[in-house]
Structures are given as structure tokens and as C-alpha cells.
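Colleague: My structure is in my_file-v4.txt, and what it holds is compact mmCIF, C-alpha atoms:
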```txt
# COMPACT_ATOMS: atom_id res chain seq x y z
CA MET A 135 0.00 0.00 0.00
CA LEU A 136 1.43 3.34 -1.09
CA ARG A 137 0.62 6.35 1.06
CA ASN A 138 0.94 10.09 0.76
CA ASP A 139 2.08 12.08 3.76
CA LEU A 140 -1.43 12.61 5.05
CA ALA A 141 -1.36 14.87 8.10
CA THR A 142 -1.17 12.75 11.25
CA ASP A 143 -4.15 14.45 12.91
CA THR A 144 -6.22 14.03 9.75
CA ASP A 145 -5.35 10.35 9.42
CA ARG A 146 -6.02 9.63 13.11
CA SER A 147 -9.31 11.54 12.96
CA ILE A 148 -10.49 9.45 10.01
CA GLU A 149 -9.49 6.17 11.65
CA ALA A 150 -11.19 7.21 14.89
CA GLN A 151 -14.40 8.12 13.09
CA LEU A 152 -14.47 4.78 11.30
CA ALA A 153 -13.79 2.89 14.51
CA SER A 154 -16.57 4.71 16.37
CA GLY A 155 -19.14 4.33 13.63
CA GLY A 156 -19.08 8.04 12.86
CA GLY A 157 -17.90 7.73 9.28
CA VAL A 158 -18.27 5.56 6.20
CA ILE A 159 -16.22 4.44 3.21
CA VAL A 160 -17.80 4.79 -0.23
CA GLU A 161 -16.50 3.03 -3.35
CA LEU A 162 -17.03 4.57 -6.79
CA PRO A 163 -16.18 3.12 -10.20
CA GLY A 164 -13.68 5.19 -12.16
CA ASP A 165 -16.33 6.07 -14.74
CA ALA A 166 -18.73 7.54 -12.15
CA ASP A 167 -20.12 11.00 -12.92
CA TRP A 168 -18.86 13.42 -10.27
CA ARG A 169 -22.14 15.36 -10.40
CA THR A 170 -24.22 12.35 -9.39
CA ALA A 171 -21.56 11.28 -6.87
CA ALA A 172 -22.08 14.39 -4.73
CA ASP A 173 -24.96 12.91 -2.70
CA GLU A 174 -23.35 9.48 -2.49
CA ILE A 175 -20.12 10.72 -0.91
CA ARG A 176 -21.74 13.19 1.47
CA GLY A 177 -20.51 12.34 4.96
CA ALA A 178 -17.90 9.86 3.69
CA VAL A 179 -14.54 10.04 5.44
CA GLN A 180 -12.94 7.92 2.71
CA VAL A 181 -13.79 7.43 -0.96
CA ASP A 182 -12.32 4.48 -2.87
CA ILE A 183 -12.07 4.90 -6.64
CA ARG A 184 -11.75 1.59 -8.49
CA PHE A 185 -9.60 1.26 -11.60
CA PRO A 186 -10.82 -1.72 -13.72
CA SER A 187 -7.66 -1.55 -15.82
CA PHE A 188 -4.38 0.32 -15.59
CA LYS A 189 -5.15 1.51 -19.14
CA ASP A 190 -8.41 3.13 -18.00
CA GLY A 191 -7.60 6.65 -16.86
CA ARG A 192 -11.08 7.79 -15.94
CA GLY A 193 -10.33 7.32 -12.25
CA PHE A 194 -7.72 10.09 -12.47
CA THR A 195 -10.32 12.48 -13.82
CA LEU A 196 -12.89 11.51 -11.19
CA ALA A 197 -10.40 12.05 -8.34
CA SER A 198 -9.51 15.50 -9.63
CA GLN A 199 -13.19 16.43 -10.00
CA LEU A 200 -14.03 15.29 -6.47
CA ARG A 201 -11.24 17.52 -5.15
CA THR A 202 -11.69 20.58 -7.35
CA ARG A 203 -15.40 20.57 -8.24
CA LEU A 204 -16.96 19.14 -5.09
CA GLY A 205 -14.27 20.25 -2.64
CA TYR A 206 -14.05 16.76 -1.17
CA SER A 207 -11.51 16.93 1.67
CA GLY A 208 -11.66 13.39 3.01
CA ARG A 209 -9.30 10.55 2.24
CA LEU A 210 -9.09 9.27 -1.35
CA ARG A 211 -7.88 5.75 -2.07
CA ALA A 212 -7.10 4.27 -5.49
CA VAL A 213 -7.88 0.55 -5.74
CA GLY A 214 -7.86 -2.01 -8.53
CA ASP A 215 -5.60 -2.71 -11.50
CA LEU A 216 -2.78 -0.21 -10.95
CA ILE A 217 0.92 -0.25 -11.79
CA PRO A 218 3.89 1.51 -10.14
CA ASP A 219 4.46 3.72 -13.21
CA GLN A 220 1.23 5.51 -12.29
CA ALA A 221 2.35 6.47 -8.77
CA GLN A 222 3.27 10.06 -9.54
CA PHE A 223 0.02 10.77 -11.34
CA LEU A 224 -2.12 9.04 -8.74
CA LYS A 225 -0.60 11.23 -6.06
CA ARG A 226 -0.77 14.32 -8.20
CA VAL A 227 -4.56 14.18 -8.67
CA GLY A 228 -5.16 13.88 -4.94
CA PHE A 229 -5.06 10.23 -3.89
CA ASP A 230 -3.87 9.68 -0.31
CA ILE A 231 -3.60 5.89 -0.46
CA ILE A 232 -2.95 3.51 -3.34
CA THR A 233 -3.94 -0.13 -2.84
CA PRO A 234 -3.33 -2.16 -6.01
CA ASP A 235 -4.91 -5.57 -6.58
CA ARG A 236 -1.59 -7.12 -7.55
CA THR A 237 0.57 -8.06 -4.60
CA ASP A 238 3.66 -9.18 -6.52
CA LEU A 239 4.94 -5.65 -7.25
CA ALA A 240 5.57 -4.48 -3.69
CA GLU A 241 9.25 -3.78 -4.38
CA ASP A 242 8.42 -1.69 -7.46
CA TRP A 243 5.79 0.24 -5.52
CA GLY A 244 8.32 0.88 -2.78
CA ARG A 245 10.76 2.39 -5.29
CA ALA A 246 7.95 4.50 -6.76
CA GLU A 247 7.03 5.80 -3.32
CA ARG A 248 10.62 6.83 -2.60
CA ARG A 249 10.99 8.39 -6.03
CA PHE A 250 7.84 10.47 -5.84
CA SER A 251 7.92 11.46 -2.18
CA VAL A 252 7.92 15.21 -2.88
CA VAL A 253 4.43 15.33 -4.33
CA TYR A 254 3.34 17.77 -1.62
CA GLN A 255 5.89 20.31 -2.90
CA PRO A 256 5.62 22.50 -6.02
CA ALA A 257 6.66 20.72 -9.19
CA ASN A 258 8.28 21.90 -12.41
CA ASP A 259 5.28 20.69 -14.39
CA SER A 260 3.08 23.40 -12.79
CA LEU A 261 0.36 20.86 -12.03
CA PRO A 262 -1.56 21.53 -8.80
CA THR A 263 -0.15 19.98 -5.68
CA ILE A 264 -2.33 18.01 -3.30
CA PRO A 265 -2.72 20.92 -0.85
CA ALA A 266 -4.21 22.88 -3.75
CA LEU A 267 -6.51 20.04 -4.70
CA ARG A 268 -7.62 19.36 -1.15
CA ASN A 269 -9.87 21.94 0.46
CA PRO A 270 -7.40 23.65 2.83
CA ALA A 271 -10.19 24.16 5.34
CA GLY A 272 -10.56 20.39 5.57
CA ASP A 273 -7.33 20.17 7.55
CA ASP A 274 -8.69 22.70 10.04
CA LEU A 275 -11.83 20.60 10.47
CA ALA A 276 -9.76 17.45 10.91
CA ARG A 277 -7.73 19.09 13.65
CA LEU A 278 -10.86 20.34 15.39
CA ASN A 279 -12.54 16.94 15.17
CA ALA A 280 -9.39 15.32 16.55
CA ARG A 281 -9.32 17.83 19.41
CA TYR A 282 -13.02 17.42 20.22
CA ARG A 283 -13.16 13.65 19.80
CA GLN A 284 -12.68 12.92 23.50
CA SER A 285 -14.20 16.18 24.77
CA GLU A 286 -17.42 16.52 26.70
CA ALA A 287 -20.19 18.47 24.94
CA LEU A 288 -19.98 21.31 27.47
CA ASP A 289 -16.23 21.63 26.94
CA ILE A 290 -16.74 21.75 23.18
CA LEU A 291 -19.22 24.58 23.64
CA ARG A 292 -16.91 26.47 25.98
CA ASP A 293 -14.15 26.36 23.40
CA ALA A 294 -16.46 27.23 20.51
CA LEU A 295 -18.18 30.13 22.28
CA ASN A 296 -15.28 31.59 24.26
CA THR A 297 -12.29 30.94 22.03
CA THR A 298 -12.51 29.53 18.52
CA TRP A 299 -15.51 31.51 17.22
CA ARG A 300 -15.99 34.03 20.00
CA GLY A 301 -18.57 36.65 18.94
CA ARG A 302 -19.05 34.95 15.57
CA ILE A 303 -21.20 31.96 16.51
CA ALA A 304 -24.89 31.32 17.16
CA ILE A 305 -27.01 28.31 18.07
CA LEU A 306 -29.89 27.04 15.95
CA SER A 307 -32.82 25.63 17.92
CA SER A 308 -36.17 24.19 16.92
CA PHE A 309 -37.38 24.41 20.54
CA GLY A 310 -38.45 20.84 19.92
CA ALA A 311 -38.42 17.61 21.90
CA GLU A 312 -34.70 17.57 22.79
CA ALA A 313 -33.83 21.25 22.34
CA ALA A 314 -33.61 22.08 26.04
CA VAL A 315 -30.37 20.10 26.43
CA GLY A 316 -28.29 22.12 23.98
CA LEU A 317 -29.87 25.41 25.02
CA HIS A 318 -29.22 24.68 28.69
CA MET A 319 -25.55 23.98 27.97
CA VAL A 320 -25.16 27.16 25.94
CA ALA A 321 -26.84 29.18 28.70
CA ARG A 322 -24.35 27.72 31.21
CA VAL A 323 -21.49 29.05 29.06
CA ASP A 324 -22.94 32.32 27.75
CA PRO A 325 -26.68 33.10 27.92
CA SER A 326 -26.19 36.05 25.56
CA THR A 327 -25.32 33.71 22.68
CA PRO A 328 -27.63 34.43 19.71
CA VAL A 329 -30.32 31.77 19.37
CA PHE A 330 -31.87 31.28 15.91
CA PHE A 331 -35.44 30.00 15.75
CA LEU A 332 -36.94 29.38 12.30
CA ASP A 333 -40.37 30.92 12.70
CA THR A 334 -42.12 29.34 9.74
CA GLY A 335 -45.59 30.49 10.74
CA ARG A 336 -46.52 26.81 10.87
CA HIS A 337 -45.41 25.83 14.37
CA PHE A 338 -47.64 24.16 16.95
CA ALA A 339 -49.00 26.53 19.61
CA GLN A 340 -47.30 24.24 22.14
CA THR A 341 -43.92 24.93 20.52
CA GLU A 342 -44.41 28.68 20.75
CA GLN A 343 -45.35 28.33 24.43
CA TYR A 344 -42.40 26.02 25.04
CA GLN A 345 -40.09 28.59 23.51
CA ARG A 346 -41.31 31.23 25.95
CA THR A 347 -40.92 28.80 28.85
CA LEU A 348 -37.33 27.85 27.98
CA VAL A 349 -36.23 31.41 27.26
CA GLU A 350 -37.43 32.51 30.69
CA ARG A 351 -36.20 29.42 32.51
CA LEU A 352 -32.70 29.45 30.97
CA GLY A 353 -32.25 33.22 30.88
CA LEU A 354 -31.55 33.34 27.14
CA LYS A 355 -30.93 36.96 26.21
CA ASP A 356 -30.80 37.03 22.40
CA VAL A 357 -33.44 34.86 20.72
CA ARG A 358 -33.98 35.77 17.08
CA ASN A 359 -37.09 34.57 15.26
CA LEU A 360 -36.17 34.10 11.61
CA ARG A 361 -39.12 34.50 9.27
CA PRO A 362 -39.50 34.05 5.51
CA ASP A 363 -39.27 37.11 3.30
CA ALA A 364 -42.79 38.54 2.98
CA ALA A 365 -42.51 39.27 -0.74
CA GLU A 366 -41.12 35.80 -1.47
CA ALA A 367 -43.90 34.18 0.57
CA LEU A 368 -46.58 36.14 -1.30
CA THR A 369 -45.14 35.12 -4.66
CA GLU A 370 -44.28 31.49 -3.92
CA ASP A 371 -47.07 30.58 -1.49
CA PRO A 372 -50.03 32.88 -2.15
CA ASP A 373 -52.62 30.38 -0.86
CA ASP A 374 -50.59 29.03 2.10
CA LYS A 375 -50.73 25.54 0.59
CA LEU A 376 -47.19 25.23 -0.73
CA TRP A 377 -46.45 22.57 1.90
CA ARG A 378 -49.01 20.30 0.23
CA ARG A 379 -47.74 20.85 -3.33
CA ASP A 380 -43.99 20.88 -2.76
CA ALA A 381 -42.63 20.31 0.75
CA ASP A 382 -39.04 20.96 -0.36
CA ALA A 383 -39.97 24.34 -1.82
CA CYS A 384 -41.85 25.23 1.37
CA CYS A 385 -38.82 24.36 3.49
CA ALA A 386 -36.58 26.40 1.22
CA LEU A 387 -38.86 29.42 1.56
CA ARG A 388 -39.49 29.20 5.28
CA LYS A 389 -36.29 27.64 6.62
CA VAL A 390 -33.32 27.39 4.28
CA ARG A 391 -33.25 30.95 2.93
CA PRO A 392 -34.08 32.72 6.23
CA LEU A 393 -31.25 30.84 7.94
CA SER A 394 -28.85 31.60 5.09
CA ARG A 395 -29.58 35.31 5.41
CA ALA A 396 -29.09 35.26 9.19
CA LEU A 397 -25.76 33.45 8.89
CA SER A 398 -24.21 36.20 6.78
CA ASP A 399 -22.88 37.83 9.96
CA PHE A 400 -21.58 34.60 11.54
CA ASP A 401 -18.78 32.11 10.92
CA ALA A 402 -20.21 29.15 12.83
CA LEU A 403 -23.50 27.65 13.96
CA ILE A 404 -24.22 25.19 16.80
CA THR A 405 -26.81 22.51 16.14
CA GLY A 406 -28.46 19.82 18.25
CA ARG A 407 -28.17 16.99 15.72
CA LYS A 408 -27.22 13.51 16.89
CA ARG A 409 -26.13 10.32 15.13
CA PHE A 410 -28.77 8.14 16.77
CA HIS A 411 -31.44 10.07 14.84
CA GLY A 412 -30.44 7.98 11.82
CA GLY A 413 -30.44 8.77 8.11
CA ASP A 414 -27.66 11.09 6.97
CA ARG A 415 -26.98 11.86 10.63
CA LEU A 416 -25.45 8.43 11.21
CA VAL A 417 -22.10 9.77 9.96
CA LEU A 418 -22.38 13.19 11.60
CA PRO A 419 -18.99 14.65 12.63
CA VAL A 420 -18.62 17.00 15.58
CA VAL A 421 -17.45 19.77 13.25
CA GLU A 422 -18.30 20.16 9.58
CA ARG A 423 -18.48 22.92 6.98
CA ILE A 424 -21.59 23.70 4.93
CA ASP A 425 -21.57 26.43 2.29
CA GLY A 426 -18.45 28.00 3.74
CA ARG A 427 -19.59 28.13 7.37
CA VAL A 428 -18.82 25.78 10.21
CA ARG A 429 -21.46 23.67 11.95
CA VAL A 430 -20.64 22.52 15.46
CA ASN A 431 -22.53 19.42 16.61
CA PRO A 432 -21.50 18.94 20.26
CA LEU A 433 -24.18 16.30 20.89
CA ALA A 434 -23.34 14.21 17.80
CA SER A 435 -22.36 11.11 19.80
CA TRP A 436 -25.07 11.37 22.46
CA THR A 437 -27.66 8.63 22.86
CA GLY A 438 -31.32 8.85 23.71
CA ALA A 439 -30.55 7.61 27.20
CA GLU A 440 -28.03 10.41 27.74
CA ILE A 441 -30.58 13.00 26.59
CA LYS A 442 -33.14 11.60 29.03
CA ALA A 443 -30.60 11.57 31.87
CA TYR A 444 -29.66 15.21 31.24
CA PHE A 445 -33.32 16.29 31.37
CA HIS A 446 -33.66 14.46 34.69
CA ARG A 447 -30.40 15.76 36.17
CA PHE A 448 -31.25 19.42 35.57
CA ASP A 449 -35.03 19.06 35.90
CA LEU A 450 -35.61 20.58 32.48
CA PRO A 451 -39.18 21.06 31.24
CA ARG A 452 -40.32 18.80 28.42
CA HIS A 453 -42.07 19.91 25.24
CA PRO A 454 -45.81 19.39 25.86
CA LEU A 455 -46.21 17.29 22.70
CA THR A 456 -43.76 14.60 23.78
CA ASP A 457 -46.43 13.14 26.06
CA MET A 458 -48.62 12.77 22.96
CA GLY A 459 -46.10 10.62 21.08
CA TYR A 460 -44.23 13.31 19.16
CA ALA A 461 -40.54 12.34 19.17
CA SER A 462 -39.36 14.97 16.66
CA ILE A 463 -41.30 18.19 16.31
CA GLY A 464 -41.42 20.61 13.39
CA CYS A 465 -44.24 22.39 11.59
CA TRP A 466 -47.74 21.15 12.39
CA THR A 467 -48.38 20.68 8.66
CA CYS A 468 -45.62 18.10 8.32
CA THR A 469 -45.30 16.45 11.74
CA ALA A 470 -47.15 13.50 13.25
CA PRO A 471 -46.65 11.26 16.28
CA ALA A 472 -43.89 8.73 15.61
CA GLN A 473 -45.27 5.33 14.60
CA ASP A 474 -41.86 3.64 14.67
CA ASP A 475 -40.12 3.42 18.02
CA ASP A 476 -36.82 2.67 16.26
CA SER A 477 -36.85 5.90 14.24
CA ILE A 478 -37.05 9.12 16.20
CA ARG A 479 -37.77 11.15 13.05
CA ALA A 480 -40.43 8.78 11.70
CA GLY A 481 -43.14 11.38 12.30
CA ARG A 482 -41.56 14.03 10.08
CA TRP A 483 -43.10 14.47 6.62
CA PRO A 484 -45.17 11.28 7.02
CA GLY A 485 -45.96 9.51 3.77
CA GLN A 486 -43.24 11.37 1.87
CA ASN A 487 -39.76 10.42 0.74
CA LYS A 488 -38.29 13.25 2.79
CA THR A 489 -36.38 13.17 6.05
CA GLU A 490 -34.64 16.57 6.24
CA CYS A 491 -35.71 20.14 5.60
CA GLY A 492 -32.50 21.12 3.83
CA ILE A 493 -30.91 23.56 6.29
CA HIS A 494 -28.06 21.12 6.95
CA ALA A 495 -27.32 20.32 3.30
CA PRO A 496 -25.07 22.27 0.91
CA SER A 497 -27.06 24.59 -1.33
CA ARG A 498 -27.45 23.56 -4.97
CA ALA A 499 -25.47 26.61 -6.01
CA ALA A 500 -22.59 25.58 -3.76
CA ALA A 501 -22.67 22.05 -5.09
CA GLU A 502 -22.51 23.23 -8.67
```
Let me see the structure of the file written as C-alpha cells.

Modeller:
Amino acid sequence: MLRNDLATDTDRSIEAQLASGGGVIVELPGDADWRTAADEIRGAVQVDIRFPSFKDGRGFTLASQLRTRLGYSGRLRAVGDLIPDQAQFLKRVGFDIITPDRTDLAEDWGRAERRFSVVYQPANDSLPTIPALRNPAGDDLARLNARYRQSEALDILRDALNTTWRGRIAILSSFGAEAAVGLHMVARVDPSTPVFFLDTGRHFAQTEQYQRTLVERLGLKDVRNLRPDAAEALTEDPDDKLWRRDADACCALRKVRPLSRALSDFDALITGRKRFHGGDRLVLPVVERIDGRVRVNPLASWTGAEIKAYFHRFDLPRHPLTDMGYASIGCWTCTAPAQDDDSIRAGRWPGQNKTECGIHAPSRAAAE
């Protein structure tokens, strides 16, 4: 196996994520279209690109496109029918690891590795070096994830609020079933932290009351209700039935765009997402970057039992709808009591092939 000099913290962070179940490896054929691969590799800490033949160079192109077009900053591994003569070019397009199918050329691969060990330095051929291909910010995220890996959620928040993004960070809260935990922690560190609430105009009355209860109880001093643009709402949803016709468009109008506008003055955002919620969240890192801004997920590794224990320890009030079977609470138009005890978000957008509102996904413009 031929390796590039992947930063130690980055490599350890990836291995730790895989070991803890917080990351996945995705394999793509060399002829895969990078545009359709964007969703498939989202959340992957390692992408394997398979070369069916050493004469087939499409894997080189795909690797370069993942780095330059999609900004993929995870680990890239070349696998399949590869020969030592390709070592320089495999490294040059951004592969971190090369694992050929043939095992009888180890000596030749060793010579190739020694010969092309300066790939991280500028070359006379003016081709981009790996640091240029890799999103430089990815190394920062790897270091942060490595630092936070063994940290308690409260310690992560202390660092995020008081040091790393001091004055440039807010917390996003749905004031839903589990929201009190994250808000309570933030209030313990700095109750003046801006709190974003996406006021869609479609929330349960119980959620609005719960918001008032938590704000008073926790002493939150800067709660900002983010509402959709009035002119956009009039144009796109004149009859208030957009949620029935196109749930994604409704979420974009009432959640995605209002949050995007609010984030223009901030560098980072705290969320309450957790891996045990399932879906795309199964591979949730503690720190990630979406559309150029950092998301901090201090509760990523928490379990349902830990959430319950925290409520009990600090005697936090529960959302009134939890006693009625609502495990995840959003707009009344698109939320129902959970029918599946194994899926906490089973009551969101019931009957639809939709599990997320889109605020935690890269915008289409960014992806293109």
C-alpha cells in the first residue's frame, strides 16, 4: 500500500471516526459521474475509486473532480488494477492511499514511493499539488474533530463560544423535543449567545409556548425569530398551501433561505443533531463545513438515554407534545406522532420520501 504524507491528525481523525461508527467508506467506479456522486459521498470520510484496468484513466479524472469541483476533503484511495508507473500521477490528482490488486509488485511500488515522495511540494510541471486540490479548510476541520473527539459536549461549547468563534457563533434551535439540552448547555457558558429559531408560521402553539418557557427558565438573552421574506412568501405561497404541493420548496422558503440570510454575519453555527437520529446523521462529525460556514454538533455522539438523563439531572421542562407521542417536532403541517419506536424522526413528513428540511445540506449553487 502506497501512502501520501497525510497529516497525522487528519489520518487519526479518520481512523477514529471509522472505529466509532461516525464515518463511512464509499467506493465509486472510475467512470462515475462526479455530479451524481455528490450525494453518495456526502458524509464519507474515505472514498475508494476503483480502476478496472491500468489503461483506464477515468479514475484520475474523477479524483480531480471530487477535489476541485466538489471540494471533497476526506481521504481518497485508489484501488484495482494499478501499476507503479502511475504512482506520480495518482498522487498528483489527490489520492492519499494507493492499494493495487496485484501483490507481486511491492518492491516496485516501494521504489515509486521513494521516487515520488515530494508530491506535496511545487513541481516543475506546474500541475496543482495536493494541498491545492484538497480543500485547505478540511485540515482545520480534521484538527478540530481530533481535538473534540474525547471532549465533553460542554467543553466543546466552551471552546467554541469563548475561544474559537468568539462573537461569531450562534445556536440554531427548533425548541423541539430535545432542544432544552443544547440550550441549557449554551446558557451555562454564555446566555447572551444568539439563538436562531426558524419561525415558519406553521409551528404548533405548544412549541411557541415552550419557547417562551425555555427562554425565561434558561435566561436566554438574544433569541432571534427568523421569518420568511414577505414578498417571497406572497409570490411562492399565495394560498398558504405550498407545503401540500412541494414540501421541499416550502422548506426552502421558510427555513433554508431565512437561515442563510441570518448566517451572513456569523462564521459558525451550533446545532443539536445527533447520530442516533439515523439517516444522513449516522455519519455526523462534531465539526463540519456547509456552504463555507462551520457547523458545530456537540451532541453528535449522544444517545437517547443520555438526553433523558440530562433532562432528569437538571429538571428541564419537556415539550408538551412529547407526552402525545411526538418524538421529533417541526411544523404542524408536516409532523405526526412517531409510529416507529426505532426511528425518532419517523413522524416528520409522514408519507413522503423526505427526512430533512435542507438547512443542513449544501445549497445547490454551492454544489454546482

Colleague: Of the candidates A:Arg292, A:His318, A:Arg482, A:Arg336, which one gets nearest to Arg351 in chain A if we count all atoms listed in the file?

Modeller: A:His318

Colleague: Residues at most 10 Å from Asp167 in chain A, counting all atoms listed in the file, excluding those fewer than 2 positions away in the same chain, as a PyMOL selection string?

Modeller: chain A and resi 162-165+169-172+195-196+199-200

Colleague: Go through A:Asn296, A:Thr341, A:Thr233, A:Gln222 one by one, measure the shortest atom-to-atom distance of each to Ala246 in chain A using all atoms listed in the file, and give the residue with the smallest value.

Modeller: A:Gln222

Colleague: Nearest to Lys355 in chain A among A:Pro325, A:Ala461, A:Trp483, A:Pro234, with distances taken over all atoms listed in the file: which residue is it?

Modeller: A:Pro325

Colleague: Could you tell me which of A:Cys491, A:Ala166, A:Leu291, A:Leu278 comes closest to Leu403 in chain A if we count all atoms listed in the file?

Modeller: A:Leu291

Colleague: Missing atoms in range 230-250 of chain A: fill them in up to N, CA and C atoms and send the result as an mmCIF file, keeping the file's coordinate frame.

Modeller:
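Written file, part_12.cif:
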```cif
data_model
loop_
_atom_site.group_PDB
_atom_site.id
_atom_site.type_symbol
_atom_site.label_atom_id
_atom_site.label_comp_id
_atom_site.auth_asym_id
_atom_site.auth_seq_id
_atom_site.Cartn_x
_atom_site.Cartn_y
_atom_site.Cartn_z
ATOM 1 N N ASP A 230 -4.658 9.785 -1.536
ATOM 2 C CA ASP A 230 -3.870 9.680 -0.310
ATOM 3 C C ASP A 230 -3.294 8.284 -0.127
ATOM 4 N N ILE A 231 -4.025 7.284 -0.611
ATOM 5 C CA ILE A 231 -3.600 5.890 -0.460
ATOM 6 C C ILE A 231 -3.787 5.174 -1.790
ATOM 7 N N ILE A 232 -2.863 4.312 -2.121
ATOM 8 C CA ILE A 232 -2.950 3.510 -3.340
ATOM 9 C C ILE A 232 -2.852 2.048 -2.944
ATOM 10 N N THR A 233 -3.898 1.283 -3.218
ATOM 11 C CA THR A 233 -3.940 -0.130 -2.840
ATOM 12 C C THR A 233 -4.203 -0.959 -4.093
ATOM 13 N N PRO A 234 -3.150 -1.396 -4.770
ATOM 14 C CA PRO A 234 -3.330 -2.160 -6.010
ATOM 15 C C PRO A 234 -3.782 -3.587 -5.733
ATOM 16 N N ASP A 235 -4.482 -4.184 -6.716
ATOM 17 C CA ASP A 235 -4.910 -5.570 -6.580
ATOM 18 C C ASP A 235 -3.720 -6.527 -6.587
ATOM 19 N N ARG A 236 -2.761 -6.240 -7.441
ATOM 20 C CA ARG A 236 -1.590 -7.120 -7.550
ATOM 21 C C ARG A 236 -0.703 -6.962 -6.315
ATOM 22 N N THR A 237 -0.284 -8.082 -5.791
ATOM 23 C CA THR A 237 0.570 -8.060 -4.600
ATOM 24 C C THR A 237 2.008 -8.470 -4.888
ATOM 25 N N ASP A 238 2.322 -8.712 -6.176
ATOM 26 C CA ASP A 238 3.660 -9.180 -6.520
ATOM 27 C C ASP A 238 4.593 -8.049 -6.961
ATOM 28 N N LEU A 239 4.134 -6.781 -6.812
ATOM 29 C CA LEU A 239 4.940 -5.650 -7.250
ATOM 30 C C LEU A 239 5.307 -4.735 -6.085
ATOM 31 N N ALA A 240 5.320 -5.297 -4.876
ATOM 32 C CA ALA A 240 5.570 -4.480 -3.690
ATOM 33 C C ALA A 240 6.908 -3.751 -3.771
ATOM 34 N N GLU A 241 7.924 -4.409 -4.291
ATOM 35 C CA GLU A 241 9.250 -3.780 -4.380
ATOM 36 C C GLU A 241 9.220 -2.605 -5.360
ATOM 37 N N ASP A 242 8.526 -2.778 -6.474
ATOM 38 C CA ASP A 242 8.420 -1.690 -7.460
ATOM 39 C C ASP A 242 7.627 -0.520 -6.897
ATOM 40 N N TRP A 243 6.562 -0.832 -6.148
ATOM 41 C CA TRP A 243 5.790 0.240 -5.520
ATOM 42 C C TRP A 243 6.624 0.969 -4.484
ATOM 43 N N GLY A 244 7.447 0.250 -3.764
ATOM 44 C CA GLY A 244 8.320 0.880 -2.780
ATOM 45 C C GLY A 244 9.264 1.870 -3.421
ATOM 46 N N ARG A 245 9.866 1.474 -4.579
ATOM 47 C CA ARG A 245 10.760 2.390 -5.290
ATOM 48 C C ARG A 245 9.994 3.614 -5.790
ATOM 49 N N ALA A 246 8.765 3.385 -6.262
ATOM 50 C CA ALA A 246 7.950 4.500 -6.760
ATOM 51 C C ALA A 246 7.628 5.473 -5.627
ATOM 52 N N GLU A 247 7.343 4.929 -4.458
ATOM 53 C CA GLU A 247 7.030 5.800 -3.320
ATOM 54 C C GLU A 247 8.223 6.660 -2.944
ATOM 55 N N ARG A 248 9.418 6.056 -2.939
ATOM 56 C CA ARG A 248 10.620 6.830 -2.600
ATOM 57 C C ARG A 248 10.921 7.862 -3.682
ATOM 58 N N ARG A 249 10.679 7.504 -4.911
ATOM 59 C CA ARG A 249 10.990 8.390 -6.030
ATOM 60 C C ARG A 249 10.082 9.604 -6.069
ATOM 61 N N PHE A 250 8.814 9.395 -5.747
ATOM 62 C CA PHE A 250 7.840 10.470 -5.840
ATOM 63 C C PHE A 250 7.361 10.920 -4.467
#
```
